$ cat start_12.pdb   # PDB, C-alpha atoms
ATOM      1  CA  MET A 650       0.000   0.000   0.000
ATOM      2  CA  HIS A 651       2.893   2.355   0.711
ATOM      3  CA  ASN A 652       6.113   2.644  -1.305
ATOM      4  CA  MET A 653       8.237   4.595   1.191
ATOM      5  CA  ARG A 654      11.602   2.899   1.730
ATOM      6  CA  PRO A 655      12.089   1.353   5.203
ATOM      7  CA  TYR A 656      15.352   3.232   5.718
ATOM      8  CA  ILE A 657      17.038   6.501   4.735
ATOM      9  CA  ARG A 658      20.687   7.477   4.275
ATOM     10  CA  VAL A 659      22.023  10.254   6.498
ATOM     11  CA  ARG A 660      25.430  11.855   6.967
ATOM     12  CA  VAL A 661      27.331  10.927  10.107
ATOM     13  CA  TRP A 662      30.841  11.517  11.414
ATOM     14  CA  ARG A 663      32.705   8.291  12.136
ATOM     15  CA  ASN A 664      36.317   8.209  13.286
ATOM     16  CA  GLY A 665      36.743  11.796  12.170
ATOM     17  CA  ARG A 666      35.311  11.217   8.684
ATOM     18  CA  GLU A 667      31.967  12.146   7.164
ATOM     19  CA  VAL A 668      30.207   9.052   5.789
ATOM     20  CA  LEU A 669      26.682   7.941   4.831
ATOM     21  CA  ASP A 670      24.781   5.741   7.265
ATOM     22  CA  GLU A 671      21.451   3.926   6.831
ATOM     23  CA  VAL A 672      18.800   4.656   9.474
ATOM     24  CA  ALA A 673      15.408   2.973   9.872
ATOM     25  CA  ARG A 674      12.356   5.077   9.019
ATOM     26  CA  GLU A 675       9.176   5.216  11.069
ATOM     27  CA  ARG A 676       5.763   6.749  10.582
ATOM     28  CA  GLU A 677       2.698   7.392  12.705
ATOM     29  CA  LEU A 678      -0.549   5.715  11.746
ATOM     30  CA  ARG A 679      -4.059   5.851  13.197
ATOM     31  CA  MET A 680      -6.024   2.651  12.735
ATOM     32  CA  LEU A 681      -9.798   2.962  12.633
ATOM     33  CA  VAL A 682     -12.159  -0.024  12.614
ATOM     34  CA  ASN A 683     -15.733   0.739  11.537
ATOM     35  CA  GLY A 684     -14.972   4.409  12.184
ATOM     36  CA  MET A 685     -13.593   3.922  15.716
ATOM     37  CA  GLN A 686      -9.921   4.566  16.436
ATOM     38  CA  VAL A 687      -8.522   1.327  17.863
ATOM     39  CA  ALA A 688      -4.806   2.176  17.864
ATOM     40  CA  LEU A 689      -2.246   4.917  17.339
ATOM     41  CA  LEU A 690       0.893   3.238  16.030
ATOM     42  CA  ARG A 691       4.491   4.054  15.193
ATOM     43  CA  LEU A 692       5.764   1.626  12.593
ATOM     44  CA  SER A 693       7.890   1.061   9.531
ATOM     45  CA  PRO A 694       6.252   1.969   6.225
ATOM     46  CA  GLY A 695       4.885  -0.889   4.132
ATOM     47  CA  HIS A 696       2.570  -3.902   4.522
ATOM     48  CA  GLU A 697      -0.261  -1.736   5.863
ATOM     49  CA  ARG A 698      -2.952  -4.058   4.455
ATOM     50  CA  GLU A 699      -1.324  -7.049   6.139
ATOM     51  CA  LEU A 700      -1.102  -5.038   9.356
ATOM     52  CA  ALA A 701      -4.850  -4.408   9.281
ATOM     53  CA  TYR A 702      -5.669  -8.102   8.980
ATOM     54  CA  GLY A 703      -3.050  -9.254  11.463
ATOM     55  CA  TYR A 704      -3.964  -6.643  14.073
ATOM     56  CA  CYS A 705      -7.656  -7.469  13.843
ATOM     57  CA  LEU A 706      -7.001 -11.207  14.165
ATOM     58  CA  GLY A 707      -4.425 -10.856  16.945
ATOM     59  CA  GLU A 708      -6.589  -8.483  18.961
ATOM     60  CA  GLY A 709      -9.715 -10.629  18.597
ATOM     61  CA  LEU A 710     -11.709  -8.303  16.325
ATOM     62  CA  ILE A 711     -12.013 -11.015  13.656
ATOM     63  CA  LYS A 712     -11.496 -14.772  13.393
ATOM     64  CA  HIS A 713     -11.406 -15.130   9.602
ATOM     65  CA  ALA A 714     -10.124 -13.004   6.728
ATOM     66  CA  ASP A 715     -13.533 -12.797   5.050
ATOM     67  CA  GLU A 716     -14.867 -10.792   7.994
ATOM     68  CA  VAL A 717     -12.929  -7.801   6.609
ATOM     69  CA  GLU A 718     -14.906  -5.923   3.966
ATOM     70  CA  GLU A 719     -12.415  -3.172   3.114
ATOM     71  CA  VAL A 720      -8.967  -1.840   4.020
ATOM     72  CA  ARG A 721      -8.116   1.682   2.908
ATOM     73  CA  LEU A 722      -4.992   3.767   3.574
ATOM     74  CA  GLU A 723      -5.516   7.534   3.559
ATOM     75  CA  GLU A 724      -2.424   9.575   4.398
ATOM     76  CA  SER A 725      -1.769   8.716   8.073
ATOM     77  CA  GLU A 726      -5.021   6.805   8.641
ATOM     78  CA  LEU A 727      -5.675   3.116   8.048
ATOM     79  CA  HIS A 728      -9.402   2.491   7.702
ATOM     80  CA  VAL A 729     -10.742  -1.027   8.211
ATOM     81  CA  ARG A 730     -14.381  -1.897   7.639
ATOM     82  CA  LEU A 731     -15.619  -5.160   9.114
ATOM     83  CA  ARG A 732     -18.798  -6.973   8.103
ATOM     84  CA  HIS A 733     -19.886  -6.925  11.753
ATOM     85  CA  GLN A 734     -19.515  -4.707  14.783
ATOM     86  CA  PRO A 735     -16.847  -5.930  17.219
ATOM     87  CA  GLY A 736     -18.170  -7.160  20.561
ATOM     88  CA  GLU A 737     -17.150  -5.823  23.963
ATOM     89  CA  LEU A 738     -13.823  -3.993  23.743
ATOM     90  CA  GLU A 739     -11.287  -3.151  26.438
ATOM     91  CA  ARG A 740      -8.595  -0.501  26.582
ATOM     92  CA  TYR A 741      -4.991  -1.718  26.724
ATOM     93  CA  ILE A 742      -1.408  -0.456  26.767
ATOM     94  CA  SER A 743       1.078  -2.857  25.185
ATOM     95  CA  SER A 744       4.618  -3.472  26.388
ATOM     96  CA  ASP A 745       5.681  -1.211  23.490
ATOM     97  CA  CYS A 746       3.681   1.560  25.249
ATOM     98  CA  VAL A 747       1.145   1.550  22.389
ATOM     99  CA  SER A 748      -2.444   2.130  23.480
ATOM    100  CA  GLY A 749      -5.506   0.824  21.726
ATOM    101  CA  TRP A 750      -8.671  -1.265  21.897
ATOM    102  CA  ARG A 751      -9.096  -5.012  21.616
ATOM    103  CA  SER A 752     -11.721  -7.685  22.153
ATOM    104  CA  SER A 753     -12.163  -8.414  25.841
ATOM    105  CA  ILE A 754      -9.841 -11.248  26.869
ATOM    106  CA  ARG A 755     -11.909 -12.016  29.971
ATOM    107  CA  ARG A 756     -14.930 -13.029  27.927
ATOM    108  CA  HIS A 757     -13.163 -15.387  25.550
ATOM    109  CA  GLY A 758     -11.206 -18.449  26.594
ATOM    110  CA  ILE A 759      -8.177 -18.552  24.283
ATOM    111  CA  LYS A 760      -6.611 -21.995  23.953
ATOM    112  CA  VAL A 761      -4.316 -23.414  21.271
ATOM    113  CA  SER A 762      -5.257 -27.031  20.701
ATOM    114  CA  SER A 763      -2.739 -27.886  17.953
ATOM    115  CA  THR A 764      -1.071 -31.293  18.275
ATOM    116  CA  ALA A 765       1.754 -30.359  15.885
ATOM    117  CA  SER A 766       5.304 -31.199  16.947
ATOM    118  CA  PHE A 767       8.603 -29.666  15.839
ATOM    119  CA  ARG A 768      12.208 -30.786  15.947
ATOM    120  CA  ALA A 769      14.362 -28.467  18.025
ATOM    121  CA  GLU A 770      16.906 -28.599  15.216
ATOM    122  CA  GLN A 771      14.286 -27.243  12.806
ATOM    123  CA  LEU A 772      13.570 -24.267  15.084
ATOM    124  CA  ALA A 773      17.296 -23.519  15.209
ATOM    125  CA  GLN A 774      17.493 -23.621  11.394
ATOM    126  CA  TRP A 775      14.516 -21.279  11.069
ATOM    127  CA  MET A 776      16.055 -18.813  13.522
ATOM    128  CA  LYS A 777      19.319 -18.841  11.590
ATOM    129  CA  LEU A 778      17.390 -18.239   8.347
ATOM    130  CA  MET A 779      15.471 -15.368   9.925
ATOM    131  CA  GLN A 780      18.704 -13.674  10.934
ATOM    132  CA  GLU A 781      20.182 -14.154   7.462
ATOM    133  CA  LEU A 782      17.116 -12.582   5.827
ATOM    134  CA  SER A 783      16.901  -9.589   8.183
ATOM    135  CA  LEU A 784      18.372  -7.207   5.616
ATOM    136  CA  VAL A 785      16.986  -3.943   7.023
ATOM    137  CA  TRP A 786      18.342  -4.868  10.450
ATOM    138  CA  LYS A 787      21.754  -5.592   8.916
ATOM    139  CA  SER A 788      21.712  -2.152   7.281
ATOM    140  CA  THR A 789      20.338  -0.121  10.180
ATOM    141  CA  GLY A 790      20.296  -2.142  13.417
ATOM    142  CA  GLY A 791      16.994  -0.345  14.102
ATOM    143  CA  VAL A 792      14.246  -2.887  13.421
ATOM    144  CA  HIS A 793      12.819  -6.153  14.717
ATOM    145  CA  THR A 794      12.044  -9.235  12.642
ATOM    146  CA  ALA A 795       9.117 -11.650  12.798
ATOM    147  CA  MET A 796       8.943 -14.832  10.741
ATOM    148  CA  LEU A 797       6.158 -17.387  10.446
ATOM    149  CA  ALA A 798       7.590 -20.748   9.441
ATOM    150  CA  SER A 799       6.091 -24.172   8.811
ATOM    151  CA  PRO A 800       6.974 -27.289   6.806
ATOM    152  CA  GLY A 801       5.303 -25.588   3.839
ATOM    153  CA  GLY A 802       7.509 -22.485   3.820
ATOM    154  CA  TYR A 803       7.994 -19.165   5.570
ATOM    155  CA  MET A 804       7.246 -15.439   5.410
ATOM    156  CA  LEU A 805       9.130 -12.605   7.074
ATOM    157  CA  VAL A 806       8.578  -8.960   8.032
ATOM    158  CA  GLU A 807      10.869  -6.338   9.582
ATOM    159  CA  ASP A 808       9.512  -3.353  11.512
ATOM    160  CA  VAL A 809      10.656  -0.806  14.076
ATOM    161  CA  SER A 810       8.015  -2.285  16.412
ATOM    162  CA  ARG A 811       8.292  -5.935  17.407
ATOM    163  CA  HIS A 812       4.526  -6.093  17.993
ATOM    164  CA  ILE A 813       3.703  -4.685  14.568
ATOM    165  CA  ALA A 814       6.206  -7.006  12.881
ATOM    166  CA  VAL A 815       4.160  -9.844  14.406
ATOM    167  CA  ASP A 816       0.855  -8.263  13.315
ATOM    168  CA  LYS A 817       2.125  -7.838   9.763
ATOM    169  CA  VAL A 818       3.456 -11.372   9.357
ATOM    170  CA  ILE A 819       0.264 -12.870  10.842
ATOM    171  CA  GLY A 820      -1.809 -10.741   8.455
ATOM    172  CA  MET A 821       0.363 -11.793   5.532
ATOM    173  CA  ALA A 822      -0.183 -15.447   6.427
ATOM    174  CA  LEU A 823      -3.921 -14.944   6.940
ATOM    175  CA  LEU A 824      -4.306 -13.389   3.483
ATOM    176  CA  GLU A 825      -2.396 -16.276   1.908
ATOM    177  CA  GLY A 826      -4.543 -18.893   3.637
ATOM    178  CA  THR A 827      -1.680 -20.294   5.721
ATOM    179  CA  GLU A 828      -2.514 -23.074   8.174
ATOM    180  CA  PHE A 829      -1.515 -21.617  11.537
ATOM    181  CA  SER A 830      -1.877 -24.853  13.510
ATOM    182  CA  ASP A 831       1.419 -26.284  12.212
ATOM    183  CA  ALA A 832       3.391 -23.019  12.189
ATOM    184  CA  CYS A 833       5.990 -21.448  14.462
ATOM    185  CA  LEU A 834       6.240 -17.710  15.095
ATOM    186  CA  LEU A 835       9.846 -16.551  15.449
ATOM    187  CA  THR A 836      10.824 -13.114  16.670
ATOM    188  CA  SER A 837      14.008 -11.190  17.315
ATOM    189  CA  GLY A 838      12.541  -9.309  20.286
ATOM    190  CA  ARG A 839      11.380  -9.881  23.831
ATOM    191  CA  VAL A 840       8.118 -11.804  24.188
ATOM    192  CA  PRO A 841       5.526 -10.239  26.511
ATOM    193  CA  GLY A 842       2.069 -11.589  27.263
ATOM    194  CA  ASP A 843       0.248  -9.481  24.686
ATOM    195  CA  MET A 844       2.432 -10.893  21.915
ATOM    196  CA  VAL A 845       1.729 -14.464  23.043
ATOM    197  CA  VAL A 846      -1.998 -13.709  23.029
ATOM    198  CA  LYS A 847      -1.754 -12.479  19.420
ATOM    199  CA  ALA A 848      -0.211 -15.822  18.433
ATOM    200  CA  ALA A 849      -2.734 -17.798  20.468
ATOM    201  CA  ARG A 850      -5.690 -16.037  18.872
ATOM    202  CA  ALA A 851      -4.298 -17.002  15.460
ATOM    203  CA  GLY A 852      -3.881 -20.612  16.641
ATOM    204  CA  ILE A 853      -0.064 -20.647  16.412
ATOM    205  CA  PRO A 854       1.278 -23.387  18.732
ATOM    206  CA  VAL A 855       4.935 -22.282  19.132
ATOM    207  CA  VAL A 856       6.507 -18.862  19.724
ATOM    208  CA  ALA A 857      10.319 -18.711  19.712
ATOM    209  CA  SER A 858      12.579 -15.725  20.358
ATOM    210  CA  ARG A 859      16.287 -15.170  20.035
ATOM    211  CA  THR A 860      16.045 -13.097  23.202
ATOM    212  CA  ALA A 861      14.103 -13.269  26.468
ATOM    213  CA  PRO A 862      10.465 -13.768  27.332
ATOM    214  CA  LEU A 863       8.872 -11.537  29.927
ATOM    215  CA  PHE A 864       7.102 -13.114  32.894
ATOM    216  CA  SER A 865       3.767 -12.010  31.419
ATOM    217  CA  GLY A 866       4.695 -13.945  28.272
ATOM    218  CA  ILE A 867       5.344 -17.116  30.259
ATOM    219  CA  LEU A 868       2.046 -16.799  32.149
ATOM    220  CA  SER A 869       0.083 -16.161  28.942
ATOM    221  CA  ALA A 870       1.766 -19.077  27.157
ATOM    222  CA  GLU A 871       0.991 -21.434  30.036
ATOM    223  CA  GLN A 872      -2.657 -20.365  30.086
ATOM    224  CA  THR A 873      -3.235 -20.412  26.316
ATOM    225  CA  GLY A 874      -1.392 -23.657  25.530
ATOM    226  CA  VAL A 875       1.426 -22.013  23.554
ATOM    227  CA  THR A 876       4.918 -23.520  23.626
ATOM    228  CA  LEU A 877       7.230 -20.618  24.464
ATOM    229  CA  VAL A 878      10.942 -20.786  23.592
ATOM    230  CA  GLY A 879      13.517 -18.149  24.483
ATOM    231  CA  PHE A 880      17.230 -17.559  23.914
ATOM    232  CA  LEU A 881      17.124 -19.693  20.750
ATOM    233  CA  ARG A 882      20.746 -19.327  19.651
ATOM    234  CA  GLY A 883      22.436 -22.053  17.697
ATOM    235  CA  SER A 884      21.456 -25.368  19.248
ATOM    236  CA  ARG A 885      20.725 -23.807  22.648
ATOM    237  CA  MET A 886      17.270 -22.768  23.850
ATOM    238  CA  ASN A 887      15.122 -22.400  26.939
ATOM    239  CA  ILE A 888      11.664 -23.996  26.764
ATOM    240  CA  TYR A 889       9.398 -22.223  29.236
ATOM    241  CA  THR A 890       5.988 -23.822  28.645
ATOM    242  CA  HIS A 891       4.423 -26.921  27.089
ATOM    243  CA  PRO A 892       7.687 -28.663  26.093
ATOM    244  CA  GLY A 893       5.891 -31.704  24.688
ATOM    245  CA  ARG A 894       5.609 -30.129  21.234
ATOM    246  CA  LEU A 895       9.388 -30.116  20.760
ATOM    247  CA  GLU A 896      11.477 -33.142  19.835
ATOM    248  CA  LEU A 897      14.914 -32.596  21.330
TER     249      LEU A 897
END
$ encode --input "start_12.pdb" --output "C-alpha cells"
Amino acid sequence: MHNMRPYIRVRVWRNGREVLDEVARERELRMLVNGMQVALLRLSPGHERELAYGYCLGEGLIKHADEVEEVRLEESELHVRLRHQPGELERYISSDCVSGWRSSIRRHGIKVSSTASFRAEQLAQWMKLMQELSLVWKSTGGVHTAMLASPGGYMLVEDVSRHIAVDKVIGMALLEGTEFSDACLLTSGRVPGDMVVKAARAGIPVVASRTAPLFSGILSAEQTGVTLVGFLRGSRMNIYTHPGRLEL
C-alpha cells in the first residue's frame, strides 16, 4: 500500500570522517475499525494491508479473513471496515507503550489445541534463516524481525516495532490462507504476554525468540497452551511452557 523505503541514508561523522549511514524510518498511523480509532501506532512503512488483517485477528476483532470488507490507507489513517460490529472492547497499553482497543480477553477463553510437533533442530534452522534474511536490520540495526515458518515455507517482516512485525506477518499469512496450527512464530525481540496472546488467537502453537520472554509472556503461554521458547541461539534454547511439542 505504501512505497516509502524502510530506511534513509544520512550523513554521520565516524572516526573523524563524514560518511553515509542507513537509518530505519518510522511513521505514525491511526487505525480505525468501523470508524472507531482502535490504535495509534508508530511503525515502519509498508505492509499496511497485512497489518490491518493481522492486528484485527491478533486483537480478537475477527477470526477469519472474510470478515474484513475493506482496508483503505488515507495519508496517516488506516481504515478497516468489518462486516460486523466488534463485541465488547477493552482498553490496553502494550509493552511497546502503544495504546488501543481489543476484544475483551476475559470473555473469551483462548486456547491453542494444535497437536503439531517440531524438531528443536528445525527451530534452530529457522532462527538462523530469519537472521540471514533480516536485511533492514543488517543495514540499520533499528528494526525487529518476525517470521512465520512451517513445513510448507515461511514469510518474514521487519519493523521498528516488534509487535507490529508480528501483526504484519500474521496478516500476511492470513491473506495467503496459511494453516496456523502447524506453524511457528519466530521473533528477534522480547516476548511479553500481549504478543503471546496475538499468536494464540491465530492458533499458532509455538513462539520462539532469540532473546528473552517476559514473565507475562510465560504466564500467557501457560494459560493459552502455547509452547514458548527463548534464547534460541544455535542449538541452545530455553523452553518455558508446554515442552511436549518439541522433539529434542
$ residues_around --input "start_12.pdb" --residues "Val729 of chain A" --least-positions-apart "6" --cutoff "6 Å" --atoms "all atoms listed in the file" --output "PDB file with C-alpha atoms, in the coordinates of the input"
ATOM      1  CA  VAL A 682     -12.159  -0.024  12.614  1.00  0.00           C
ATOM      2  CA  GLU A 719     -12.415  -3.172   3.114  1.00  0.00           C
ATOM      3  CA  VAL A 720      -8.967  -1.840   4.020  1.00  0.00           C
TER       4      VAL A 720
END
$ resolve_selection --input "start_12.pdb" --expression "the PyMOL selection byres ((chain A and resi 850) around 12)" --output "PyMOL selection string"
chain A and resi 703-713+751-752+754+757-762+816+819+829-830+843-849+851-854+869-870+873-875
$ resolve_selection --input "start_12.pdb" --expression "the PyMOL selection byres ((chain A and resi 677) around 12)" --output "list in words"
Arg674, Glu675, Arg676, Leu678, Arg679, Met680, Ala688, Leu689, Leu690, Arg691, Leu692, Ser693, Pro694, Glu697, Glu724, Ser725, Glu726, Leu727, Val747, Val809 and Ser810 of chain A
$ axis_aligned_box --input "start_12.pdb" --around "segment 711-714 of chain A" --padding-each-side "6 Å" --output "JSON"
{"center_x": -11.1, "center_y": -13.1, "center_z": 10.2, "size_x": 13.9, "size_y": 16.1, "size_z": 18.9}
$ atom_distance --input "start_12.pdb" --atom1 "atom CA of Gln734 of chain A" --atom2 "atom CA of Ala814 of chain A"
25.9 Å
$ atom_distance --input "start_12.pdb" --atom1 "atom CA of Tyr656 of chain A" --atom2 "atom CA of Val668 of chain A"
16.0 Å
$ atom_distance --input "start_12.pdb" --atom1 "atom CA of His812 of chain A" --atom2 "atom CA of Leu897 of chain A"
28.7 Å
$ residues_around --input "start_12.pdb" --residues "Leu863 of chain A" --least-positions-apart "2" --cutoff "7 Å" --atoms "only C-alpha atoms" --output "ChimeraX atom specification"
/A:839-841,861,865-867
$ closest_residue --input "start_12.pdb" --among "A:Val672, A:Ala714, A:Leu700, A:Val878" --to "Ser837 of chain A" --atoms "all atoms listed in the file"
A:Val878
$ residues_around --input "start_12.pdb" --residues "Leu805 of chain A" --least-positions-apart "6" --cutoff "8 Å" --atoms "all atoms listed in the file" --output "PDB file with C-alpha atoms, keeping the file's coordinate frame"
ATOM      1  CA  MET A 779      15.471 -15.368   9.925  1.00  0.00           C
ATOM      2  CA  THR A 794      12.044  -9.235  12.642  1.00  0.00           C
ATOM      3  CA  ALA A 795       9.117 -11.650  12.798  1.00  0.00           C
ATOM      4  CA  MET A 796       8.943 -14.832  10.741  1.00  0.00           C
ATOM      5  CA  LEU A 797       6.158 -17.387  10.446  1.00  0.00           C
ATOM      6  CA  VAL A 818       3.456 -11.372   9.357  1.00  0.00           C
TER       7      VAL A 818
END
$ residues_near_point --input "start_12.pdb" --point "(22.6, 4.0, 10.9)" --cutoff "8 Å" --atoms "all atoms listed in the file" --output "JSON, numbers by chain"
{"A": [658, 659, 670, 671, 672, 673, 788, 789, 790, 791]}
$ write_last_selection --input "start_12.pdb" --atoms "C-alpha atoms" --output "CSV table (one decimal), in the frame of the given file"
chain,number,residue,atom,x,y,z
A,658,ARG,CA,20.7,7.5,4.3
A,659,VAL,CA,22.0,10.3,6.5
A,670,ASP,CA,24.8,5.7,7.3
A,671,GLU,CA,21.5,3.9,6.8
A,672,VAL,CA,18.8,4.7,9.5
A,673,ALA,CA,15.4,3.0,9.9
A,788,SER,CA,21.7,-2.2,7.3
A,789,THR,CA,20.3,-0.1,10.2
A,790,GLY,CA,20.3,-2.1,13.4
A,791,GLY,CA,17.0,-0.3,14.1
$ closest_residue --input "start_12.pdb" --among "A:Ala701, A:Met685, A:Ala822, A:Leu772" --to "Pro735 of chain A" --atoms "only C-alpha atoms"
A:Met685
$ closest_residue --input "start_12.pdb" --among "A:Gln771, A:Glu781, A:Gly665, A:Thr827" --to "Ala857 of chain A" --atoms "only C-alpha atoms"
A:Gln771
$ residues_around --input "start_12.pdb" --residues "segment 887-891 of chain A" --least-positions-apart "3" --cutoff "6 Å" --atoms "all atoms listed in the file" --output "ChimeraX atom specification"
/A:871,876-879
$ residues_near_point --input "start_12.pdb" --point "(13.6, -12.2, 2.5)" --cutoff "8 Å" --atoms "all atoms listed in the file" --output "count of residues only"
5
$ closest_residue --input "start_12.pdb" --among "A:Gly684, A:Gly801, A:Pro862, A:Pro655" --to "Leu731 of chain A" --atoms "all atoms listed in the file"
A:Gly684
